[in-house]
Each structure stands twice: as structure tokens, then as C-alpha cells.
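Worksheet: the structure to be examined is printed underneath.
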Amino acid sequence: MSKNKITAVLGPTNTGKTYLAIETMLSFDSGMIGFPLRLLAREVYDKIIKKISIDRVALITGEEKIIPTNAKYFLCTVESMPINKNLDFVGIDEIQMCADHERGHIFTDRLLNLRGQKLTMLMGSNTIKNIIDKLDEDTEFINRERLSKLSYVGHKKISRINRKTAIIAFSTEEVYAIAELVRRQKGGAAIVMGSLSPKTRNAQVQLYQSGDVDFLVATDAIGMGINMDLENVFFSNLKKFDGRKLRRLNMSEIAQIAGRAGRYLNDGNFGITGDCKEISADEVELLENHKFEEIQMLFWRNSNLNFNNALSLIKSLEEKPNRNWLRKIHECGDEKLLKYFLKDMESHNIKNNQETLELLWECCQIPDFVKKTYGNHLEVVSKVFSFLNGQECKISSDYMRLQLVKLDKLEGNVDSLSNRIANVRTWSYVSNKINWVENQSYWIEKTKLLEDRLSDRLHEELTKTFIDKRASVLARGLKQDMEFKTEIMEDDKVIIDDQFIGNLKGLRFEMDLKTGALDNDIKSLKKTARQTVGPELKKRIQSIIDTKLIEIKNDFKIYWKNFSIAKLIPGKDYLSPDIFLIVDDILENEDKQKLSEFIEKWIKEKINLVLKSLIDLKDLKESNSSIKALAYQLYENNGVIKREVVADYLKKLGQDERKILRDLGVKFGRYHVFLFRLLKPEAVSLRTLLWKNFNQINFNLTPPTFGLNFLDNKNIKNKNFMLLCGFESFDNYFVRIDILERLFVQIINSDSEKGKEIKLIPEMLNLLGCSKENFKKLIEKMNYKTLEKDNNIYFKYSPKKQIKKTFKKTTPLNNPFKILKNLNFN
């Protein structure tokens with residue numbers, strides 16, 4: 001069997017790799033190229049249909065599908081490449097994306113499994129050459145040299161940067177702030193960000209290409225395939241938040257962006273501006289000569305999934321790679337969604353069969369274009385699945401209409417328009433899925449038209465904001481040669497040049513919106529205030545860490561001086577919550593990290609101290625299976641469990657085994673097995689809070705008032721939560737379980753003779769803290785009969801008769817309190 005033919009075209013940017021791939025594909029009868037961006041796929045599609053008949057060319061992306069019946073050439077995003085087609089040529093652009101921690105596993109799957117019948121072409125950076133070499137296939141390497149020279153020009157102020165320049169930032173706020181500065185100093189700038197729709201992005205690029213503006217302010221979105229007449233690229237920062245942490249760009253990432261300067265035979269320059277840290281001489285040499293560290297590891301996830309049942313699906317997703325240069329990718333968004341739904345299959349009507357699980361997995365792969373609230377995306381996926389899994393098996397036109405009506409609004413600022421476009425892209429993706437919506441062609445067209453209208457409006461708003469000569473008084477502080485006087489008053493009011501602009505609330509800066517400022521002006525104003533507000537917030541974080549004066553309240557939030565600074569969110573288990581910081585984006589990421597680490601440590605220490613016996617139980621190293629089983633059950637039930645639930649385990653425990661558990665604080669009661677130290681007020685508050693946070697239920701329920709041993713409350717409906725708090729229920733009466741055990745002991749000590757009536761003594765009432773009347777009703781619910789003699793109350797055990805299956809005899813239940821005489825309550 002002959003090996004597959006692979007051509008790897010490798011080299012830096014501006015080497016003509018993509019052009020070569022297109023020409024090679026068109027020399028075959030059929031072919032396909034996968035691109036990293038929808039924008040790129042569309043750009044190449046538009047070029048090819050000018051060369052050959054439009055009915056032979058297909059465009060396939062998540063949100064757009066143009067597939068003529070006789071299509072021979074397919075331009076796709078890598079995620080949307082149809083993998084079941086037999087084509088002469090297959091190409092994959094930017095193949096080094098296999099090492100990207102978010103999307104790398106898709107590129108790796110294509111690298112390993114997708115081949116052209118006659119030729120497979122891989123285009124990308126030289127850094128992946130050694131990995132491609134390990135494929136053990138018939139591979140030809142073509143090294144492409146850069147067509148023009150790339151040179152480092154050091155640091156320059158924005159005011160001194162020459163025309164035909166792109167300035168790079170790594171957050172929306174920074175892009176807006178720099179664009180505002182360029183607008184005032186240079187007349188205007190076009191904007192390019194990954195969050196913009198392709199049409200808006202193209203319109204902004206055209207503004208630059210046409211010469212209407214001489215500058216471009218962009219994120220690293222220009223690093224892939226956006227070809228413009230750029231002479232210079234300047235970095236305002238070399239650090240970016242990659243979804244997990246703030247990190248410095250690696251050399252190949254810097255080169256990918258810097259390489260956009262100088263196209264074809266024109267030389268290019270790159271440098272730094274603003275507060276960007278210097279690039280070392282050694283690094284400059286590597287960048288200018290395109291010498292970078294080789295990629296050693298690719299991200300991977302099993303694509304051969306087993307949909308027989310939920311368990312096998314999860315198992316196949318978690319399968320590990322069989323090659324040492326592959327690393328299983330961390331749980332992706334689609335995988336998180338899948339596991340969320342499979343946690344409670346019944347409530348989501350998920351049948352444990354192949355057809356339903358395949359549908360669910362497909363729904364979980366709906367992209368989260370909005371990327372702001374996980375809950376909103378989860379709701380979208382849940383709703384889509386419920387329609388597709390329902391009777392009609394399609395999303396109704398009425399529902400689609402309702403979603404788009406909410407988004408069909410052209411008013412608003414840059415942020416609100418961008419958010420609407422992101423939401424429309426979701427429904428565009430859904431519409432383009434085969435057989436997902438009623439009247440599919442109508443909704444494909446409808447979503448495309450709406451996205452285009454909103455994109456045009458967003459382009460207008462960006463142009464008006466960053467290119468028109470409208471003065472922005474509030475953003476003047478961004479100008480490099482001006483410094484405004486910023487003060488923080490004793491009452492936490494923030495004053496800039498004697499003008500009140502907002503308040504500091506804990507670790508958040510709250511703007512005074514009465515000024516009527518636009519969103520972009522607010523961002524600029526925050527930038528101005530950063531000089532004073534930033535250090536103050538940093539100082540407060542240090543004070544929090546030094547004093548440790550924080551507390552956690554029933555709303556799951558952590559407070560400092562009555563201000564919430566963080567919130568608990570579910571973690572890997574109920575004793576290991578994660579946290580979400582409630583802080584201002586003015587804060588540097590390293591300060592956020594510092595605060596996050598302190599709070600995580602503080603919570604962990606608090607849990608280890610207050611819930612020590614639960615932690616000890618969790619960490620119990622014991623070979624005895626009965627002990628381990630009981631310990632596990634007790635831990636899973638938050639330290640309180642009914643005895644009848646674990647009766648089988650208890651039968652297998654001898655006194656030695658019981659002693660091991662008693663030493664950990666386990667108490668073996670008549671009705672319950674529990675960790676008695678966890679019934680203290682602080683322990684009950686903390687463990688129930690952690691339990692509610694992890695399970696995301698019973699938010700409105702709180703433990704009973706501390707100090708109460710007995711409750712008479714007909715309104716308490718959730719008896720499981722009361723048991724979690726340490727209270728056993730007898731209809732509307734609730735008794736704390738440790739007090740219940742002590743009551744049993746008093747009853748046993750009084751019941752010295754079989755069948756003797758027990759006198760109610762004051763100690764019993766004092767123990768429970770209830771009235772005689774309530775005690776009388778409670779004891780009757782425990783299967784005792786009461787009577788009065790000589791102004792005293794007596795009670796006697798009188799169990800209800802249990803009817804046997806023969807219906808001929810009745811047998812009284814054993815007296816549970818007789819058993820207690822033989823039990824050790826220590």
C-alpha cells in the first residue's frame with residue numbers, strides 16, 4: 001500500500017503560501033482548502049469565482065453555506081470542512097494552529113485524518129516541520145522565503161509614527177483608547193478586531209486601503225490572512241489574556257503579527273509604542289531572521305466518538321492520545337456543555353441512545369459568538385436541543401422570528417451593535433444546519449440580511465466615533481503630553497480636574513453616567529483615571545491580603561467593608577468552589593491573579609478549619625471496604641445521613657472499625673449517622689452554603705436560627721435541606737439530630753422496666769426547648785401514647801401495628817429505644 005502524498009509549504013508570513021495552495025488546487029479536478037478564519041474563506045471564494053464558473057465553487061463556514069450541486073472546489077473554515085468527500089486535493093492553511101490551546105485539536109484532527117486522493121498540502125510556519133516529519137508519510141517539504149525584509153525600528157510615540165501603520169492592542173478597551181488618541185492626533189483610524197463581523201471588518205479595512213485613513217488599530221486578529229498595504233506594525237503591548245492567564249506572546253506569535261508589515265516586495269518595519277516593554281536584541285535577531293523554537297506538542301481530542309450511550313460517549317471524549325507528541329486538550333466549551341446536560345438527562349429529556357446523543361453533541365458545538373455570559377449560551381443550546389429533540393424535530397419559525405425581532409434594532413453604540421451581531425451569528429449558524437429550522441432557506445437569507453444591516457450600521461458607528469472630527473473632551477487625558485489631576489476623596493468619590501466622575505465601590509470604579517457620556521468616552525475616561533484609581537485599587541488589594549478582613553455571606557459573595565469583591569461558583573466538588581472576581585477592569589491582570597490566589601487560599605483554609613472532620617473523612621486512607629463505603633456516603637451527604645440508608649454498611653462494621661470512624665468525629669445514632677462537629681453554627685452555615693453553590697439549588701433556603709433545638713413550622717417544605725442542616729422532621733416538628741439522640745438516652749434511662757410508663761421530666765423539655773403541649777404532640781408522632789396522672793404527663797411506647805402480606809396477623813414493631821440501651825453514643 002503506497003503512502004499518502006503530502007506537500008508541506010512552510011515559511012514566515014508574506015511568502016505566497018496561500019496563493020500557491022489556491023493555484024495548485026485549481027490544477028486538479030477537485031479540491032478543498034480549510035482556513036482559520038471565516039473572513040479568509042470568503043476572501044478566497046470571492047477571488048476564485050472570478051476565475052472559474054461560480055457553480056463549481058462552494059463556500060462552507062459555520063454561518064454561511066453556498067454549495068452548488070456540481071461544486072468541485074470547496075473553501076471552508078477548518079471546523080466546517082466536510083470530512084467525507086473524496087477530493088483530489090486537500091489543503092490546510094496555518095497548520096501551526098495545531099498548537100493553539102483553544103482550536104488546536106480541530107487542526108490536529110485534520111492533520112492526522114484528512115487527505116486528498118492525489119495531494120494533501122499543509123501551509124504554515126516552519127515551527128511545525130519536525131511534527132509533520134513524524135507522520136511517517138510520503139512528505140515533500142517546500143521552504144518559502146519571505147519576499148521582503150522585516151526590520152525592528154525600536155520605540156516610537158504614537159504622535160511620531162509614520163502613516164501606513166497598524167498599532168496592535170490586546171483588549172477592546174485598549175483598541176478604543178488608542179483609536180481615540182490617533183483620531184485626535186492623526187485624523188482617524190480604522191478598527192480591526194476578531195469580534196467584528198466579517199462585513200464590518202472588510203469595510204474598516206477598505207477605509208484604510210482606500211486612503212481615507214492612514215492608520216489601523218487592531219488586535220492580533222490581523223495576524224492571519226488579512227492582507228493590507230502596511231509598512232509598519234507597532235505593538236502597544238506584548239501581553240495578552242489567552243482565556244486562562246495573562247501571558248507574554250511567544251516569538252512566533254509576535255512574528256505572525258509583525259510580519260503583516262511589508263507586503264510582496266516592499267520591506268516592512270515593526271516596533272513598540274506606549275508603555276510596551278522592550279524587545280531584547282536576541283529576540284529582535286530571531287524575529288528579523290524568522291528563527292523560532294520548534295513546536296513539540298500538538299493539542300488533540302478523540303474525534304472517533306462512541307455514541308452508544310452517555311457513559312461510552314464521555315469515555316471516548318476523555319480518551320488519551322497514543323502518540324507522545326500529542327496532548328489531550330483541556331475540556332472545551334462543547335464538552336462542558338455536554339457534561340452539564342448529561343448530569344440530568346431526565347429533566348432535559350435526553351434518551352440514552354445513539355441518535356439522541358449525536359444530536360445533543362451537535363447542539364453543544366454551536367459556537368458561543370457572544371462570549372459574555374456562559375448561562376446565556378447554555379440557554380440557547382438547551383432551547384435548540386429541546387426543539388430538535390421534540391415532536392416536530394425542528395425549530396419553529398415563530399421561535400426564530402421572536403429571536404431575530406429582539407435583535408433587529410439599529411440604534412446603539414459600538415458595543416451594543418457588536419453584541420447584537422454576535423447573537424445574530426448564532427442564529428445564522430443554526431439556520432445553516434441541515435434540517436434544523438422550518439423554512440430553512442428563508443431564515444438563512446433573513447439572518448444574513450440582518451447581519452449585513454447591523455454590520456453596516458456598526459461600520460458607520462466606528463467611522464463616526466474614530467474618524468469624524470467630533471471632539472471628545474472626556475478622553476483628553478489619553479493625550480501623551482497631557483496629565484490631568486485625579487483625586488480620590490475620603491468618601492471614595494473620584495474627581496478629575498475638579499469634576500466628579502464617579503465612585504470607588506470596593507474594588508470597582510463606578511462611573512457617574514449622569515454626564516451623558518457615550519460608551520467609548522467612558523472607556524477613554526477610565527483610561528484617564530487609571531493613573532490614580534489603578535494604584536488605589538492595587539493598594540486596597542494589598543490591604544485585604546494583609547488584614548484578611550473579608551467574610552462570606554449567604555448570597556455566595558465575599559465581602560470587604562460591605563463591598564462584594566468576589567463570588568463563589570461551582571468547582572470540581574462541593575468542598576472545592578471556584579471564585580469569580582467582582583473587580584474593575586482597570587486592575588492589571590497580575591493584581592487580579594494576586595487577589596484571586598489570596599481568596600482561594602482563604603476559602604480553602606476556612607473550609608479546612610471549620611469543616612475539618614469532613615475533610616478528614618474525604619482524605620481517609622483506609623483499606624477496609626466497609627469503612628470506605630460508609631465514609632464516602634457520609635461525605636457525599638455533607639456529613640449527615642439517615643441510618644436506614646447505610647444499614648447494610650453498618651452491619652459489616654465491627655467495634656474496631658467503628659472506633660476508626662468515631663475518632664474522625666462520626667457518631668452512630670438511632671436514626672442518623674453524622675459528624676457531630678458539623679452541627680456547630682459556623683459549620684452548618686458554611687457547608688450548606690458550599691452545598692447550595694455546588695448543586696445550584698435551594699438558593700432561598702437558609703439554616704434555622706442557631707440555638708434552636710426544636711421547631712414547629714408548617715411552612716417548611718424541604719425536609720431534605722432541613723436534614724442537611726441537622727434537623728429530623730416529624731411532620732411540622734423539627735428536632736436537631738444530636739438533641740434527638742440525647743432525648744433517646746433520657747428516655748432509655750427512664751424506661752428501666754419493660755412496658756413501664758415514662759414520666760415527662762423538666763430536663764426533657766429543657767433539652768428540646770419546647771412547651772409541654774408541643775412535646776406531647778411530638779412524642780405521639782414518635783409512636784408513643786400519652787396520658788395525664790396527678791398533673792403529670794406520662795408516655796408509653798405504642799407502635800403502630802404492621803399488617804403482614806397474609807392479612808391474617810399483625811405484629812408490633814420492635815421498640816427502637818430498647819435497641820438504644822445496647823448502643824454506645826460516644
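In the C-alpha cells, each chain is lettered A, B, ... as it comes, each chain's residues begin at 1, and ligands are numbered from 1 in order of appearance.
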
Problem - Near-Met782 (chain A) list (9 Å; only C-alpha atoms; drop same-chain fewer than 5 positions) as a VMD selection string - result: chain A and resid 730 777 797 799

Take the residues from that selection and write them out as an mmCIF file, in the first residue's frame, keeping N, CA, C and O atoms.
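Listing of again38.cif after writing:
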```
data_model
loop_
_atom_site.group_PDB
_atom_site.id
_atom_site.type_symbol
_atom_site.label_atom_id
_atom_site.label_comp_id
_atom_site.auth_asym_id
_atom_site.auth_seq_id
_atom_site.Cartn_x
_atom_site.Cartn_y
_atom_site.Cartn_z
ATOM 1 N N PHE A 730 -40.648 15.497 61.957
ATOM 2 C CA PHE A 730 -41.802 14.693 62.364
ATOM 3 C C PHE A 730 -43.024 15.529 61.992
ATOM 4 O O PHE A 730 -43.513 16.316 62.795
ATOM 5 N N LYS A 777 -47.301 16.397 71.563
ATOM 6 C CA LYS A 777 -47.620 16.124 70.154
ATOM 7 C C LYS A 777 -46.439 15.465 69.445
ATOM 8 O O LYS A 777 -46.619 14.571 68.616
ATOM 9 N N TYR A 797 -44.387 3.695 74.940
ATOM 10 C CA TYR A 797 -44.197 3.313 73.540
ATOM 11 C C TYR A 797 -45.321 2.397 73.080
ATOM 12 O O TYR A 797 -45.630 1.405 73.718
ATOM 13 N N PRO A 799 -46.194 1.208 69.346
ATOM 14 C CA PRO A 799 -46.012 1.276 67.888
ATOM 15 C C PRO A 799 -47.270 0.906 67.124
ATOM 16 O O PRO A 799 -48.100 0.148 67.605
#
```

Please report as a tab-separated table every residue of region 50-104 of chain A lying within 9 Å of region 26-41 of chain A, along with the nearest atom pair and their distance in Å (one decimal), using only C-alpha atoms.
```
residue	atom	partner	partner_atom	distance
A:Leu59	CA	A:Ala41	CA	7.2
A:Ile60	CA	A:Ala41	CA	8.1
A:Thr61	CA	A:Arg38	CA	6.2
A:Gly62	CA	A:Arg38	CA	8.1
A:Glu63	CA	A:Arg38	CA	8.6
A:Glu64	CA	A:Arg38	CA	8.8
A:Ala71	CA	A:Ser30	CA	8.5
A:Lys72	CA	A:Ser30	CA	4.7
A:Tyr73	CA	A:Gly31	CA	4.9
A:Phe74	CA	A:Met32	CA	4.5
A:Leu75	CA	A:Ile33	CA	5.3
A:Cys76	CA	A:Gly34	CA	4.9
A:Thr77	CA	A:Phe35	CA	4.7
A:Val78	CA	A:Gly34	CA	4.5
A:Glu79	CA	A:Gly34	CA	8.1
A:Ser80	CA	A:Gly34	CA	8.1
A:Met81	CA	A:Gly34	CA	6.4
A:Asn86	CA	A:Ser30	CA	8.8
A:Leu87	CA	A:Gly31	CA	5.3
A:Asp88	CA	A:Ser30	CA	5.4
A:Phe89	CA	A:Gly31	CA	4.3
A:Val90	CA	A:Met32	CA	4.9
A:Gly91	CA	A:Ile33	CA	4.4
A:Ile92	CA	A:Gly34	CA	4.8
A:Asp93	CA	A:Phe35	CA	5.2
A:Glu94	CA	A:Pro36	CA	6.8
A:Ile95	CA	A:Pro36	CA	8.9
A:Met97	CA	A:Pro36	CA	8.1
```

Exercise for the section: Could you please write out, as a PyMOL selection string, every residue of region 100-149 of chain A that DSSP assigns to alpha helix (DSSP H)? Expected result: chain A and resi 104-113+129-133

Exercise for the section: Could you give me, as number ranges by chain, the residues within 9 Å of Leu549 (chain A), counting only C-alpha atoms and dropping anything in the same chain fewer than 2 positions from it? Expected result: A: 543-547, 551, 559-561

Could you dump the residues just selected with N, CA, C and O atoms as a PDB file, in the first residue's frame?
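To be explicit, this is the file written out as out.pdb:
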```pdb
ATOM      1  N   SER A 543      -4.134  45.648  51.146  1.00  0.00           N
ATOM      2  CA  SER A 543      -4.733  45.786  52.482  1.00  0.00           C
ATOM      3  C   SER A 543      -5.604  44.573  52.805  1.00  0.00           C
ATOM      4  O   SER A 543      -5.590  44.049  53.928  1.00  0.00           O
ATOM      5  N   ILE A 544      -6.369  44.119  51.820  1.00  0.00           N
ATOM      6  CA  ILE A 544      -7.216  42.927  52.006  1.00  0.00           C
ATOM      7  C   ILE A 544      -6.353  41.719  52.348  1.00  0.00           C
ATOM      8  O   ILE A 544      -6.650  40.943  53.261  1.00  0.00           O
ATOM      9  N   ILE A 545      -5.259  41.566  51.613  1.00  0.00           N
ATOM     10  CA  ILE A 545      -4.366  40.417  51.828  1.00  0.00           C
ATOM     11  C   ILE A 545      -3.694  40.503  53.193  1.00  0.00           C
ATOM     12  O   ILE A 545      -3.560  39.497  53.901  1.00  0.00           O
ATOM     13  N   ASP A 546      -3.283  41.720  53.579  1.00  0.00           N
ATOM     14  CA  ASP A 546      -2.569  41.896  54.859  1.00  0.00           C
ATOM     15  C   ASP A 546      -3.490  41.707  56.057  1.00  0.00           C
ATOM     16  O   ASP A 546      -3.115  41.101  57.065  1.00  0.00           O
ATOM     17  N   THR A 547      -4.708  42.261  55.991  1.00  0.00           N
ATOM     18  CA  THR A 547      -5.608  42.227  57.156  1.00  0.00           C
ATOM     19  C   THR A 547      -6.487  40.986  57.191  1.00  0.00           C
ATOM     20  O   THR A 547      -6.962  40.582  58.250  1.00  0.00           O
ATOM     21  N   GLU A 551     -15.266  38.396  54.553  1.00  0.00           N
ATOM     22  CA  GLU A 551     -16.242  37.421  55.044  1.00  0.00           C
ATOM     23  C   GLU A 551     -17.109  36.947  53.886  1.00  0.00           C
ATOM     24  O   GLU A 551     -17.261  37.632  52.876  1.00  0.00           O
ATOM     25  N   TYR A 559     -17.156  39.513  50.966  1.00  0.00           N
ATOM     26  CA  TYR A 559     -17.249  40.952  51.190  1.00  0.00           C
ATOM     27  C   TYR A 559     -16.016  41.501  51.896  1.00  0.00           C
ATOM     28  O   TYR A 559     -15.402  40.840  52.737  1.00  0.00           O
ATOM     29  N   TRP A 560     -15.686  42.724  51.526  1.00  0.00           N
ATOM     30  CA  TRP A 560     -14.682  43.525  52.226  1.00  0.00           C
ATOM     31  C   TRP A 560     -15.301  44.898  52.461  1.00  0.00           C
ATOM     32  O   TRP A 560     -15.732  45.554  51.521  1.00  0.00           O
ATOM     33  N   LYS A 561     -15.421  45.275  53.727  1.00  0.00           N
ATOM     34  CA  LYS A 561     -16.020  46.563  54.086  1.00  0.00           C
ATOM     35  C   LYS A 561     -17.389  46.774  53.416  1.00  0.00           C
ATOM     36  O   LYS A 561     -17.655  47.807  52.808  1.00  0.00           O
TER      37      LYS A 561
END
```

Practice task
Name the closest residue to Ser431 (chain A) among the candidates A:Leu614, A:Leu311, A:Ile550, A:Ile366; distances are taken between atoms, counting only C-alpha atoms.
Solution key: A:Ile366

Would you list the contacts of region 460-464 of chain A as a CSV table (one decimal) with N, CA and C atoms, in the first residue's frame, taking every protein, DNA or RNA residue within 10 Å and counting only C-alpha atoms, but skipping same-chain residues closer than 2 positions in sequence?
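For reference, selection05.csv as written:
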```csv
chain,number,residue,atom,x,y,z
A,176,TYR,N,-10.0,50.9,21.6
A,176,TYR,CA,-10.8,52.1,21.5
A,176,TYR,C,-10.0,53.3,22.0
A,179,ALA,N,-7.4,54.2,19.4
A,179,ALA,CA,-8.0,54.8,18.2
A,179,ALA,C,-8.5,56.2,18.5
A,188,GLY,N,-7.7,60.1,12.3
A,188,GLY,CA,-8.6,58.9,12.3
A,188,GLY,C,-7.9,57.6,12.1
A,189,ALA,N,-8.6,56.5,12.5
A,189,ALA,CA,-8.0,55.2,12.4
A,189,ALA,C,-9.2,54.2,12.1
A,190,ALA,N,-8.9,53.2,11.3
A,190,ALA,CA,-9.8,52.1,11.1
A,190,ALA,C,-9.6,51.1,12.2
A,191,ILE,N,-10.6,50.3,12.5
A,191,ILE,CA,-10.6,49.3,13.6
A,191,ILE,C,-10.7,47.9,13.0
A,200,THR,N,-18.2,44.1,8.6
A,200,THR,CA,-17.7,45.3,9.2
A,200,THR,C,-16.2,45.3,9.1
A,203,ALA,N,-15.2,46.3,5.7
A,203,ALA,CA,-15.4,47.8,5.4
A,203,ALA,C,-14.4,48.6,6.1
A,204,GLN,N,-14.0,48.3,7.3
A,204,GLN,CA,-12.9,49.0,8.0
A,204,GLN,C,-11.6,48.9,7.3
A,207,LEU,N,-11.6,51.2,4.3
A,207,LEU,CA,-11.3,52.6,4.7
A,207,LEU,C,-9.8,52.9,4.7
A,411,GLU,N,-30.2,51.1,16.5
A,411,GLU,CA,-29.7,52.1,17.4
A,411,GLU,C,-28.7,51.5,18.3
A,412,GLY,N,-28.0,52.4,19.0
A,412,GLY,CA,-27.0,52.0,20.0
A,412,GLY,C,-25.6,52.3,19.6
A,413,ASN,N,-24.6,52.0,20.5
A,413,ASN,CA,-23.2,52.3,20.3
A,413,ASN,C,-22.5,51.1,19.8
A,414,VAL,N,-21.2,51.2,19.7
A,414,VAL,CA,-20.3,50.1,19.1
A,414,VAL,C,-20.5,48.8,19.9
A,417,LEU,N,-24.1,47.2,19.3
A,417,LEU,CA,-24.2,46.7,17.9
A,417,LEU,C,-23.4,45.4,17.8
A,454,LEU,N,-26.8,45.2,10.3
A,454,LEU,CA,-26.1,45.6,11.6
A,454,LEU,C,-24.6,45.9,11.4
A,455,SER,N,-24.0,45.1,10.5
A,455,SER,CA,-22.6,45.3,10.2
A,455,SER,C,-22.4,46.7,9.5
A,456,ASP,N,-23.3,47.0,8.6
A,456,ASP,CA,-23.2,48.4,8.0
A,456,ASP,C,-23.3,49.5,9.0
A,457,ARG,N,-24.3,49.2,9.9
A,457,ARG,CA,-24.5,50.2,11.0
A,457,ARG,C,-23.3,50.3,12.0
A,458,LEU,N,-22.7,49.2,12.3
A,458,LEU,CA,-21.5,49.2,13.1
A,458,LEU,C,-20.4,49.9,12.5
A,466,PHE,N,-14.4,57.2,15.5
A,466,PHE,CA,-12.9,57.2,15.4
A,466,PHE,C,-12.3,57.9,14.2
A,467,ILE,N,-13.2,58.4,13.3
A,467,ILE,CA,-12.7,59.1,12.2
A,467,ILE,C,-13.3,60.5,12.0
A,468,ASP,N,-14.5,60.7,12.4
A,468,ASP,CA,-15.1,62.1,12.3
A,468,ASP,C,-14.3,63.0,13.3
A,469,LYS,N,-14.4,64.3,13.1
A,469,LYS,CA,-13.7,65.3,13.8
A,469,LYS,C,-14.4,65.7,15.1
A,470,ARG,N,-15.3,64.8,15.5
A,470,ARG,CA,-16.0,65.1,16.8
A,470,ARG,C,-15.1,65.2,18.0
```

Practice task
Show which residues sit within 8 Å of Tyr794 (chain A), as a count of residues only. Count only C-alpha atoms, and ignore same-chain residues fewer than 2 positions away.
Solution key: 10

Exercise for the section: Please run DSSP on the backbone and report, as an MDAnalysis selection string, all residues within region 220-406 of chain A that come out as strand (DSSP E or B). Expected result: chainID A and resid 232:235 239:241 246:248 268:272 298:300 326:328 395

Please produce a file of the residues just selected, as a compact mmCIF listing (two decimals), in the first residue's frame, where the atoms kept are C-alpha atoms.
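So the final result, stored in selection.txt, reads:
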```
# COMPACT_ATOMS: atom_id res chain seq x y z
CA ASN A 232 4.77 49.35 9.85
CA VAL A 233 3.39 47.36 12.77
CA PHE A 234 3.75 48.77 16.30
CA PHE A 235 2.87 46.85 19.46
CA LYS A 239 0.99 40.58 26.76
CA LYS A 240 -2.44 39.12 26.18
CA PHE A 241 -5.03 37.27 28.22
CA LEU A 246 -2.10 36.90 31.18
CA ARG A 247 1.00 35.86 29.28
CA ARG A 248 3.63 37.31 27.01
CA GLY A 268 8.38 46.26 6.43
CA ASN A 269 9.18 47.57 9.90
CA PHE A 270 7.96 46.63 13.35
CA GLY A 271 8.41 48.34 16.71
CA ILE A 272 6.85 49.19 20.04
CA LEU A 298 0.04 19.41 19.39
CA PHE A 299 -3.35 19.62 21.05
CA TRP A 300 -5.60 16.64 20.37
CA LEU A 326 0.02 14.78 21.19
CA ARG A 327 -1.53 16.31 24.31
CA LYS A 328 -5.21 15.90 25.17
CA ILE A 395 -37.00 24.87 15.43
```

Quick one: residues within 10 Å of Asn14 (chain A), only C-alpha atoms, excluding same-chain residues fewer than 6 positions away - as a PDB file with N, CA and C atoms, in the first residue's frame?
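New file around.pdb:
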```
ATOM      1  N   ARG A 144       9.614  28.236   1.997  1.00  0.00           N
ATOM      2  CA  ARG A 144       9.379  29.511   1.306  1.00  0.00           C
ATOM      3  C   ARG A 144      10.043  30.647   2.080  1.00  0.00           C
ATOM      4  N   GLU A 145      10.824  31.422   1.388  1.00  0.00           N
ATOM      5  CA  GLU A 145      11.491  32.575   1.992  1.00  0.00           C
ATOM      6  C   GLU A 145      10.589  33.798   1.876  1.00  0.00           C
ATOM      7  N   ARG A 146      10.680  34.666   2.865  1.00  0.00           N
ATOM      8  CA  ARG A 146       9.896  35.900   2.849  1.00  0.00           C
ATOM      9  C   ARG A 146      10.309  36.760   1.652  1.00  0.00           C
ATOM     10  N   LEU A 147       9.295  37.360   0.996  1.00  0.00           N
ATOM     11  CA  LEU A 147       9.553  38.129  -0.222  1.00  0.00           C
ATOM     12  C   LEU A 147      10.175  39.491   0.062  1.00  0.00           C
ATOM     13  N   SER A 148      10.038  39.956   1.320  1.00  0.00           N
ATOM     14  CA  SER A 148      10.611  41.263   1.648  1.00  0.00           C
ATOM     15  C   SER A 148      11.279  41.203   3.017  1.00  0.00           C
ATOM     16  N   LYS A 149      12.080  42.204   3.319  1.00  0.00           N
ATOM     17  CA  LYS A 149      12.837  42.247   4.576  1.00  0.00           C
ATOM     18  C   LYS A 149      11.965  42.826   5.695  1.00  0.00           C
ATOM     19  N   GLY A 225      -3.939  36.246   7.637  1.00  0.00           N
ATOM     20  CA  GLY A 225      -4.575  36.351   6.338  1.00  0.00           C
ATOM     21  C   GLY A 225      -5.192  37.659   5.938  1.00  0.00           C
ATOM     22  N   ASN A 227      -4.628  40.752   4.351  1.00  0.00           N
ATOM     23  CA  ASN A 227      -3.541  41.333   3.561  1.00  0.00           C
ATOM     24  C   ASN A 227      -3.826  42.786   3.228  1.00  0.00           C
ATOM     25  N   GLN A 256       4.122  36.496  13.612  1.00  0.00           N
ATOM     26  CA  GLN A 256       2.920  36.369  12.783  1.00  0.00           C
ATOM     27  C   GLN A 256       2.262  37.730  12.588  1.00  0.00           C
ATOM     28  N   GLY A 259       4.838  40.346  10.911  1.00  0.00           N
ATOM     29  CA  GLY A 259       5.044  40.001   9.505  1.00  0.00           C
ATOM     30  C   GLY A 259       4.017  40.597   8.564  1.00  0.00           C
ATOM     31  N   ARG A 260       2.946  41.198   9.090  1.00  0.00           N
ATOM     32  CA  ARG A 260       1.962  41.863   8.241  1.00  0.00           C
ATOM     33  C   ARG A 260       2.512  43.167   7.670  1.00  0.00           C
ATOM     34  N   ALA A 261       3.628  43.637   8.218  1.00  0.00           N
ATOM     35  CA  ALA A 261       4.274  44.845   7.687  1.00  0.00           C
ATOM     36  C   ALA A 261       5.119  44.464   6.484  1.00  0.00           C
ATOM     37  N   GLY A 262       4.932  45.182   5.383  1.00  0.00           N
ATOM     38  CA  GLY A 262       5.698  44.892   4.175  1.00  0.00           C
ATOM     39  C   GLY A 262       5.064  43.755   3.410  1.00  0.00           C
ATOM     40  N   ARG A 263       4.436  44.048   2.296  1.00  0.00           N
ATOM     41  CA  ARG A 263       3.796  43.004   1.512  1.00  0.00           C
ATOM     42  C   ARG A 263       4.505  42.849   0.180  1.00  0.00           C
ATOM     43  N   TYR A 264       4.489  41.657  -0.332  1.00  0.00           N
ATOM     44  CA  TYR A 264       5.147  41.330  -1.594  1.00  0.00           C
ATOM     45  C   TYR A 264       6.617  41.755  -1.520  1.00  0.00           C
ATOM     46  N   LEU A 265       7.070  42.673  -2.386  1.00  0.00           N
ATOM     47  CA  LEU A 265       8.496  43.020  -2.417  1.00  0.00           C
ATOM     48  C   LEU A 265       8.815  44.250  -1.581  1.00  0.00           C
TER      49      LEU A 265
END
```

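The residue set within 10 Å of region 713-715 of chain A, counting only C-alpha atoms and dropping same-chain residues fewer than 4 places from it, reads Asp731, Asn732, Tyr733 and Phe734 of chain A.
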
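Take the candidates A:Lys680, A:Lys717, A:Lys776, A:Lys548 and check each one against Phe598 (chain A) using only C-alpha atoms; the shortest distance goes to A:Lys548.
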
Exercise for the section: May I ask for the distance between CA of Ile552 (chain A) and CA of Ile565 (chain A), given in Å to one decimal place? Expected result: 10.2 Å
